[in-house]
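Have a look at upload-v2.txt below; it lists compact mmCIF, C-alpha atoms.
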# COMPACT_ATOMS: atom_id res chain seq x y z
CA MET A 1 64.29 -70.28 32.89
CA THR A 2 61.76 -70.39 30.04
CA LYS A 3 58.19 -70.12 31.35
CA ILE A 4 55.81 -72.43 29.52
CA ILE A 5 52.04 -72.85 29.53
CA PHE A 6 51.09 -76.34 28.41
CA MET A 7 47.71 -77.05 26.80
CA GLY A 8 46.48 -80.60 26.25
CA THR A 9 43.72 -82.98 27.23
CA PRO A 10 43.91 -86.75 26.48
CA ASP A 11 46.45 -89.51 27.17
CA PHE A 12 48.43 -88.50 24.07
CA SER A 13 49.36 -85.22 25.76
CA VAL A 14 50.66 -86.68 29.02
CA PRO A 15 54.13 -87.88 27.88
CA VAL A 16 54.62 -84.52 26.16
CA LEU A 17 53.87 -82.62 29.37
CA LYS A 18 56.08 -84.96 31.43
CA ARG A 19 58.98 -84.48 29.01
CA ILE A 20 58.77 -80.69 29.26
CA ILE A 21 58.90 -80.98 33.05
CA ASP A 22 61.77 -83.51 32.91
CA GLU A 23 63.77 -81.21 30.63
CA GLY A 24 63.71 -78.57 33.37
CA TYR A 25 61.40 -75.96 31.87
CA ASP A 26 59.20 -73.93 34.18
CA VAL A 27 55.64 -75.07 33.46
CA ILE A 28 53.71 -72.25 35.10
CA ALA A 29 50.23 -73.51 34.18
CA VAL A 30 48.35 -76.28 32.40
CA VAL A 31 45.21 -75.54 30.41
CA THR A 32 42.89 -78.45 29.65
CA GLN A 33 39.26 -79.24 28.96
CA PRO A 34 36.71 -79.32 31.82
CA ASP A 35 36.02 -82.55 33.69
CA ARG A 36 33.47 -84.65 31.77
CA PRO A 37 31.00 -87.43 32.66
CA VAL A 38 32.45 -90.82 31.65
CA GLY A 39 30.92 -94.27 31.30
CA ARG A 40 27.40 -95.54 31.83
CA LYS A 41 27.29 -94.12 35.36
CA LYS A 42 28.39 -90.69 34.06
CA VAL A 43 31.12 -90.30 36.67
CA LEU A 44 32.66 -86.82 36.48
CA THR A 45 36.26 -87.52 35.42
CA PRO A 46 39.25 -85.17 35.04
CA PRO A 47 41.25 -85.17 31.79
CA PRO A 48 44.51 -87.20 31.97
CA VAL A 49 46.56 -84.01 31.60
CA LYS A 50 44.91 -82.49 34.69
CA VAL A 51 45.76 -85.59 36.71
CA GLU A 52 49.41 -85.38 35.63
CA ALA A 53 49.64 -81.63 36.29
CA GLU A 54 48.29 -82.03 39.82
CA LYS A 55 50.97 -84.65 40.56
CA HIS A 56 53.54 -81.90 39.97
CA GLY A 57 51.63 -79.15 41.75
CA ILE A 58 51.08 -77.18 38.56
CA PRO A 59 48.06 -74.80 38.50
CA VAL A 60 45.31 -76.07 36.17
CA TYR A 61 42.84 -73.96 34.16
CA GLN A 62 39.80 -75.61 32.55
CA PRO A 63 37.93 -73.09 30.37
CA GLU A 64 34.90 -74.38 28.51
CA LYS A 65 35.84 -71.90 25.78
CA ILE A 66 39.27 -70.34 25.78
CA ARG A 67 38.00 -67.47 23.60
CA GLU A 68 35.83 -66.09 26.39
CA LYS A 69 37.29 -62.74 27.43
CA GLU A 70 37.73 -63.46 31.12
CA GLU A 71 39.40 -66.83 30.55
CA LEU A 72 41.62 -65.47 27.80
CA GLU A 73 42.82 -62.50 29.84
CA LYS A 74 43.58 -64.77 32.78
CA ILE A 75 45.87 -66.96 30.66
CA ILE A 76 47.57 -64.07 28.86
CA SER A 77 48.24 -62.36 32.21
CA LEU A 78 50.49 -65.28 33.23
CA ASN A 79 53.13 -63.80 30.86
CA ALA A 80 54.44 -67.11 29.54
CA ASP A 81 57.45 -67.14 27.21
CA LEU A 82 55.96 -69.99 25.20
CA VAL A 83 52.71 -71.93 24.86
CA VAL A 84 52.97 -75.62 23.92
CA THR A 85 49.84 -77.53 22.90
CA ALA A 86 49.25 -81.22 22.18
CA ALA A 87 45.72 -82.45 21.44
CA PHE A 88 44.16 -79.57 23.38
CA GLY A 89 40.92 -79.57 21.40
CA GLN A 90 40.36 -75.83 20.86
CA ILE A 91 41.73 -73.33 18.32
CA LEU A 92 43.58 -70.48 20.04
CA PRO A 93 42.58 -66.88 19.25
CA ASN A 94 45.09 -64.42 17.79
CA GLU A 95 45.32 -62.44 21.05
CA LEU A 96 46.86 -65.49 22.70
CA LEU A 97 48.92 -66.59 19.69
CA ASP A 98 50.65 -63.20 19.65
CA ALA A 99 51.26 -62.91 23.40
CA PRO A 100 54.23 -65.20 24.27
CA LYS A 101 57.81 -64.19 23.40
CA TYR A 102 58.45 -67.43 21.49
CA GLY A 103 54.91 -67.85 20.22
CA CYS A 104 52.58 -70.86 20.46
CA ILE A 105 53.57 -74.26 19.08
CA ASN A 106 51.66 -77.48 18.61
CA VAL A 107 52.67 -81.16 18.64
CA HIS A 108 50.48 -82.73 15.94
CA ALA A 109 50.23 -86.45 15.14
CA SER A 110 50.66 -86.39 11.36
CA LEU A 111 53.07 -85.27 8.67
CA LEU A 112 51.39 -81.97 7.89
CA PRO A 113 49.87 -80.77 5.65
CA GLU A 114 48.44 -84.31 5.56
CA LEU A 115 45.65 -85.13 8.01
CA ARG A 116 44.83 -81.83 9.65
CA GLY A 117 42.17 -82.23 12.32
CA GLY A 118 41.21 -84.13 15.43
CA ALA A 119 41.67 -87.76 14.33
CA PRO A 120 44.96 -88.00 12.39
CA ILE A 121 46.00 -91.30 13.99
CA HIS A 122 42.72 -92.95 13.05
CA TYR A 123 42.79 -91.73 9.47
CA SER A 124 46.40 -92.72 8.87
CA ILE A 125 45.32 -96.34 9.45
CA LEU A 126 41.85 -96.06 7.90
CA GLN A 127 43.50 -94.82 4.69
CA GLY A 128 46.04 -97.64 4.70
CA LYS A 129 49.07 -95.35 4.93
CA GLU A 130 52.50 -96.93 5.39
CA LYS A 131 53.90 -93.99 7.33
CA THR A 132 52.81 -91.05 9.41
CA GLY A 133 54.63 -88.95 11.98
CA ILE A 134 54.81 -85.93 14.22
CA THR A 135 54.87 -82.29 13.18
CA ILE A 136 55.81 -79.47 15.53
CA MET A 137 54.55 -76.20 14.15
CA TYR A 138 53.66 -72.66 15.03
CA MET A 139 49.96 -72.36 15.72
CA ALA A 140 47.68 -70.25 13.55
CA GLU A 141 44.04 -69.23 13.90
CA LYS A 142 43.19 -71.91 11.35
CA LEU A 143 43.06 -75.67 11.89
CA ASP A 144 46.61 -77.14 11.93
CA ALA A 145 47.76 -74.73 9.22
CA GLY A 146 50.73 -73.04 10.92
CA ASP A 147 54.34 -72.97 9.72
CA ILE A 148 56.29 -76.19 10.29
CA LEU A 149 59.30 -76.21 12.64
CA THR A 150 60.31 -79.90 12.77
CA GLN A 151 58.98 -83.31 11.70
CA ALA A 152 59.70 -86.97 12.41
CA GLU A 153 58.43 -89.98 10.43
CA VAL A 154 56.95 -93.15 11.95
CA THR A 155 56.36 -96.39 10.06
CA ILE A 156 52.87 -97.87 10.35
CA GLU A 157 53.21 -101.62 10.76
CA GLU A 158 50.66 -104.06 9.33
CA GLU A 159 49.66 -105.07 12.88
CA ASP A 160 49.36 -101.54 14.26
CA ASN A 161 46.02 -100.26 15.48
CA VAL A 162 45.09 -96.83 16.81
CA GLY A 163 46.23 -97.78 20.31
CA THR A 164 49.72 -98.98 19.38
CA LEU A 165 50.29 -96.15 16.90
CA HIS A 166 49.01 -93.61 19.44
CA ASP A 167 51.63 -94.76 21.95
CA LYS A 168 54.44 -94.65 19.38
CA LEU A 169 53.50 -91.16 18.23
CA SER A 170 53.11 -89.82 21.76
CA LYS A 171 56.65 -91.01 22.59
CA ILE A 172 58.11 -89.66 19.33
CA GLY A 173 56.26 -86.39 19.88
CA SER A 174 57.78 -85.91 23.33
CA ASP A 175 61.27 -86.76 22.00
CA LEU A 176 60.94 -84.38 19.04
CA LEU A 177 59.71 -81.58 21.27
CA ALA A 178 62.71 -82.04 23.58
CA GLU A 179 64.98 -81.64 20.54
CA THR A 180 63.01 -78.70 19.14
CA LEU A 181 62.62 -76.45 22.19
CA PRO A 182 66.30 -75.44 22.65
CA LYS A 183 66.63 -74.70 18.93
CA LEU A 184 63.44 -72.64 18.97
CA ILE A 185 64.49 -70.64 22.02
CA ASN A 186 67.96 -70.04 20.54
CA GLU A 187 66.38 -68.97 17.21
CA GLU A 188 68.12 -71.75 15.29
CA LEU A 189 65.04 -72.94 13.34
CA GLN A 190 63.65 -71.73 10.04
CA ALA A 191 59.91 -72.30 9.87
CA ILE A 192 58.49 -73.64 6.60
CA LYS A 193 55.06 -72.67 5.28
CA GLN A 194 52.60 -75.48 4.63
CA ASP A 195 51.38 -76.09 1.09
CA ASP A 196 47.62 -75.74 1.49
CA ALA A 197 47.08 -77.37 -1.91
CA LYS A 198 48.44 -80.64 -0.46
CA ALA A 199 46.32 -80.52 2.69
CA SER A 200 44.06 -83.42 3.66
CA PHE A 201 41.79 -83.65 6.67
CA ALA A 202 41.05 -86.02 9.54
CA PRO A 203 37.85 -84.85 11.25
CA ASN A 204 36.59 -86.54 14.38
CA ILE A 205 35.01 -89.93 13.69
CA LYS A 206 31.22 -89.91 13.33
CA ARG A 207 29.02 -92.76 14.53
CA SER A 208 27.96 -93.50 10.95
CA GLU A 209 31.62 -94.04 10.01
CA GLU A 210 32.07 -96.79 12.59
CA LYS A 211 29.83 -99.22 10.69
CA ILE A 212 31.61 -101.83 8.55
CA ASP A 213 30.70 -101.75 4.86
CA TRP A 214 31.14 -105.36 3.82
CA SER A 215 31.00 -104.42 0.13
CA LYS A 216 34.44 -102.82 0.45
CA SER A 217 37.62 -104.78 -0.14
CA GLY A 218 38.97 -107.06 2.57
CA GLU A 219 42.02 -104.80 2.85
CA ASP A 220 39.81 -101.74 3.45
CA ILE A 221 37.77 -103.58 6.08
CA TYR A 222 40.93 -104.78 7.83
CA ASN A 223 42.16 -101.17 7.98
CA HIS A 224 38.72 -100.02 9.14
CA VAL A 225 38.74 -102.39 12.12
CA ARG A 226 42.28 -101.63 13.26
CA GLY A 227 41.75 -97.92 12.49
CA LEU A 228 39.00 -97.80 15.13
CA ASN A 229 40.61 -100.10 17.75
CA PRO A 230 40.55 -99.45 20.72
CA TRP A 231 38.25 -96.47 20.20
CA PRO A 232 35.56 -95.91 19.06
CA VAL A 233 35.50 -99.54 17.68
CA ALA A 234 34.02 -100.73 14.37
CA TYR A 235 30.68 -102.48 14.38
CA THR A 236 28.31 -104.53 12.26
CA THR A 237 24.87 -105.99 12.95
CA LEU A 238 23.78 -109.58 13.37
CA ASP A 239 20.12 -110.53 13.58
CA GLY A 240 19.16 -106.96 14.51
CA SER A 241 21.76 -106.50 17.26
CA ILE A 242 24.93 -104.43 17.11
CA MET A 243 28.15 -106.41 17.33
CA LYS A 244 31.42 -104.56 17.81
CA ILE A 245 34.33 -106.02 15.87
CA TRP A 246 37.64 -105.56 17.69
CA GLN A 247 40.07 -107.69 15.74
CA VAL A 248 40.18 -109.47 12.39
CA LYS A 249 42.58 -111.20 10.04
CA LYS A 250 42.79 -111.11 6.24
CA LEU A 251 42.39 -114.38 4.35
CA GLU A 252 42.36 -115.41 0.73
CA ALA A 253 38.72 -116.42 0.21
CA GLY A 254 38.22 -120.06 -0.59
CA LYS A 255 34.51 -119.54 -1.14
CA GLN A 256 32.80 -116.60 -2.84
CA ALA A 257 29.49 -115.19 -1.57
CA LEU A 258 27.65 -111.90 -1.31
CA PRO A 259 29.55 -109.33 0.82
CA GLY A 260 28.77 -109.72 4.52
CA THR A 261 27.92 -113.42 4.27
CA VAL A 262 29.40 -115.85 6.80
CA VAL A 263 31.09 -118.39 4.53
CA GLU A 264 32.68 -120.61 7.17
CA VAL A 265 32.74 -121.06 10.95
CA GLN A 266 36.11 -122.15 12.37
CA ASN A 267 37.38 -122.91 15.86
CA ASP A 268 38.99 -119.47 16.24
CA GLY A 269 36.33 -117.34 14.54
CA PHE A 270 34.08 -116.99 11.53
CA ILE A 271 34.97 -115.97 7.97
CA VAL A 272 32.99 -113.21 6.24
CA SER A 273 32.98 -112.44 2.52
CA THR A 274 33.84 -108.94 1.32
CA GLY A 275 33.77 -106.98 -1.92
CA ASN A 276 36.83 -108.74 -3.31
CA GLU A 277 38.71 -112.01 -2.94
CA THR A 278 40.18 -111.10 0.44
CA ALA A 279 37.89 -112.44 3.17
CA ILE A 280 37.82 -111.39 6.82
CA LEU A 281 38.23 -113.75 9.78
CA VAL A 282 36.60 -112.20 12.87
CA THR A 283 38.77 -113.16 15.87
CA GLU A 284 37.64 -110.75 18.63
CA LEU A 285 34.21 -109.23 19.09
CA GLN A 286 31.78 -107.70 21.54
CA PRO A 287 28.10 -108.70 21.45
CA SER A 288 25.54 -106.07 22.39
CA GLY A 289 25.53 -105.52 26.16
CA LYS A 290 28.52 -107.80 26.77
CA LYS A 291 32.27 -107.46 27.24
CA LYS A 292 34.66 -108.04 24.36
CA MET A 293 35.80 -111.62 23.96
CA PRO A 294 37.68 -113.97 21.63
CA ALA A 295 35.38 -115.08 18.80
CA LYS A 296 36.12 -118.71 19.68
CA ASP A 297 34.59 -118.21 23.16
CA TYR A 298 31.54 -116.53 21.67
CA LEU A 299 31.06 -119.38 19.18
CA ARG A 300 31.18 -121.94 21.98
CA GLY A 301 28.53 -120.04 23.93
CA ALA A 302 25.99 -117.41 22.91
CA GLY A 303 27.19 -117.38 19.30
CA SER A 304 26.76 -121.08 18.68
CA PHE A 305 23.81 -120.24 16.39
CA ILE A 306 26.13 -118.61 13.80
CA LYS A 307 26.24 -120.73 10.68
CA ALA A 308 27.55 -120.41 7.14
CA GLY A 309 25.10 -118.47 4.99
CA MET A 310 24.09 -115.94 7.64
CA LYS A 311 24.36 -112.30 6.63
CA LEU A 312 25.92 -109.48 8.65
CA GLY A 313 25.02 -105.82 8.52
CA GLU A 314 21.49 -105.90 7.11
CA GLN A 315 19.16 -105.79 10.10
CA ASN A 316 17.97 -102.68 11.94
CA GLU A 317 20.52 -100.91 14.15
CA ALA A 318 18.26 -99.75 16.97
CA ASN A 319 20.06 -101.89 19.61
Step by step, read the file and then write its structure as structure tokens.
Amino acid sequence: MTKIIFMGTPDFSVPVLKRIIDEGYDVIAVVTQPDRPVGRKKVLTPPPVKVEAEKHGIPVYQPEKIREKEELEKIISLNADLVVTAAFGQILPNELLDAPKYGCINVHASLLPELRGGAPIHYSILQGKEKTGITIMYMAEKLDAGDILTQAEVTIEEEDNVGTLHDKLSKIGSDLLAETLPKLINEELQAIKQDDAKASFAPNIKRSEEKIDWSKSGEDIYNHVRGLNPWPVAYTTLDGSIMKIWQVKKLEAGKQALPGTVVEVQNDGFIVSTGNETAILVTELQPSGKKKMPAKDYLRGAGSFIKAGMKLGEQNEAN
């Protein structure tokens, strides 16, 4: 039986790990990130992959840095036939890449060489792409640059956000891995080198990139909001307070105004002008210090002061 070490951390990785177990492979260890403080109360919380591994009685290793000699030697000494990673969060050193009989492979959520990096699902939506996918590749000591083994395309629907696309890709990734592993082990695959000249990158989202730029087109703003939903969530400011914007719709603007101006307040939300003729109807939001809510509920309560002519995004962002 093929002995596998699985490396992964977030929810995306869990279906991949479960599929390896369901397919009957011997998962001899799981390597994941250390437990981290979560939420306002900073509760020490295990990664989702650790929780899943413990359900199956699989030993879990949580090195802060896998490159540290002691941690690295411990993992190599397990003598795995194969290492499988999915959203692990660290680049593996060559000593580990060269150790397993069948090498180290990664399940990556893009059609490489497009969108190398830690946020490929976000950027596929932020950039308005119509398709993305899963790539299974050999790992290299360079970010997502290894030779490609298999790929599968996924259509990005107009209504998709990061959450829905994440779930689709996680499922497709586990299915593709189940198809790929027997072929890899039986040496039936021919790896294909990536064309570095066609590479694009999807670095982790910075706080400054979460802010809505109302001078952009309505289409870009629509993609921005759904490309950050449900995490980390786009925001704007209103009267000096941060307001997270969870969900919007695109509308043909009936009235033109400076970008970021509220042009109309409706029962189900308020319409904001953009940098072109496509306006944005805000339908779900989260005021500072509150839970997210339908815009219609906000407008009936604390947001009843919002009127046409008000401007979003101009006040200080200290809140």
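What separates CA of Asn276 (chain A) from CA of Lys216 (chain A) is a distance of 7.4 Å.
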Practice task
Write out as a PyMOL selection string which residues come within 6 Å of region 220-234 of chain A when counting only C-alpha atoms, dropping same-chain ones fewer than 6 positions away.
Solution key: chain A and resi 122+125-126+161-163+210-211+244-245
Completion exercise
Correct to one decimal, the distance CA of Thr85 (chain A)-CA of Glu159 (chain A) is 29.3 Å
Exercise for the section: Name the residues in contact with Leu177 (chain A) at a cut-off of 9 Å, using all atoms listed in the file, excluding same-chain residues fewer than 3 positions from it; report them as a PyMOL selection string. Expected result: chain A and resi 16+19-20+107+136+150+172-174+180-181
Practice task
Would you mind reading off the distance between CA of Tyr235 (chain A) and CA of Gln286 (chain A), one decimal, in Å?
Solution key: 8.9 Å
Practice task
Would you mind listing what lies within 10 Å of Pro120 (chain A) as a PyMOL selection string, with all atoms listed in the file counted and same-chain residues fewer than 5 positions away left out?
Solution key: chain A and resi 108-112+114-115+125-126+132-133+162+166+200-204
Exercise for the section: Fewer than 3 positions away in the same chain doesn't count, so skip those; otherwise give me all residues within 9 Å of Pro259 (chain A), counting all atoms listed in the file, as a PyMOL selection string. Expected result: chain A and resi 213-216+256+262+272-276+311-312
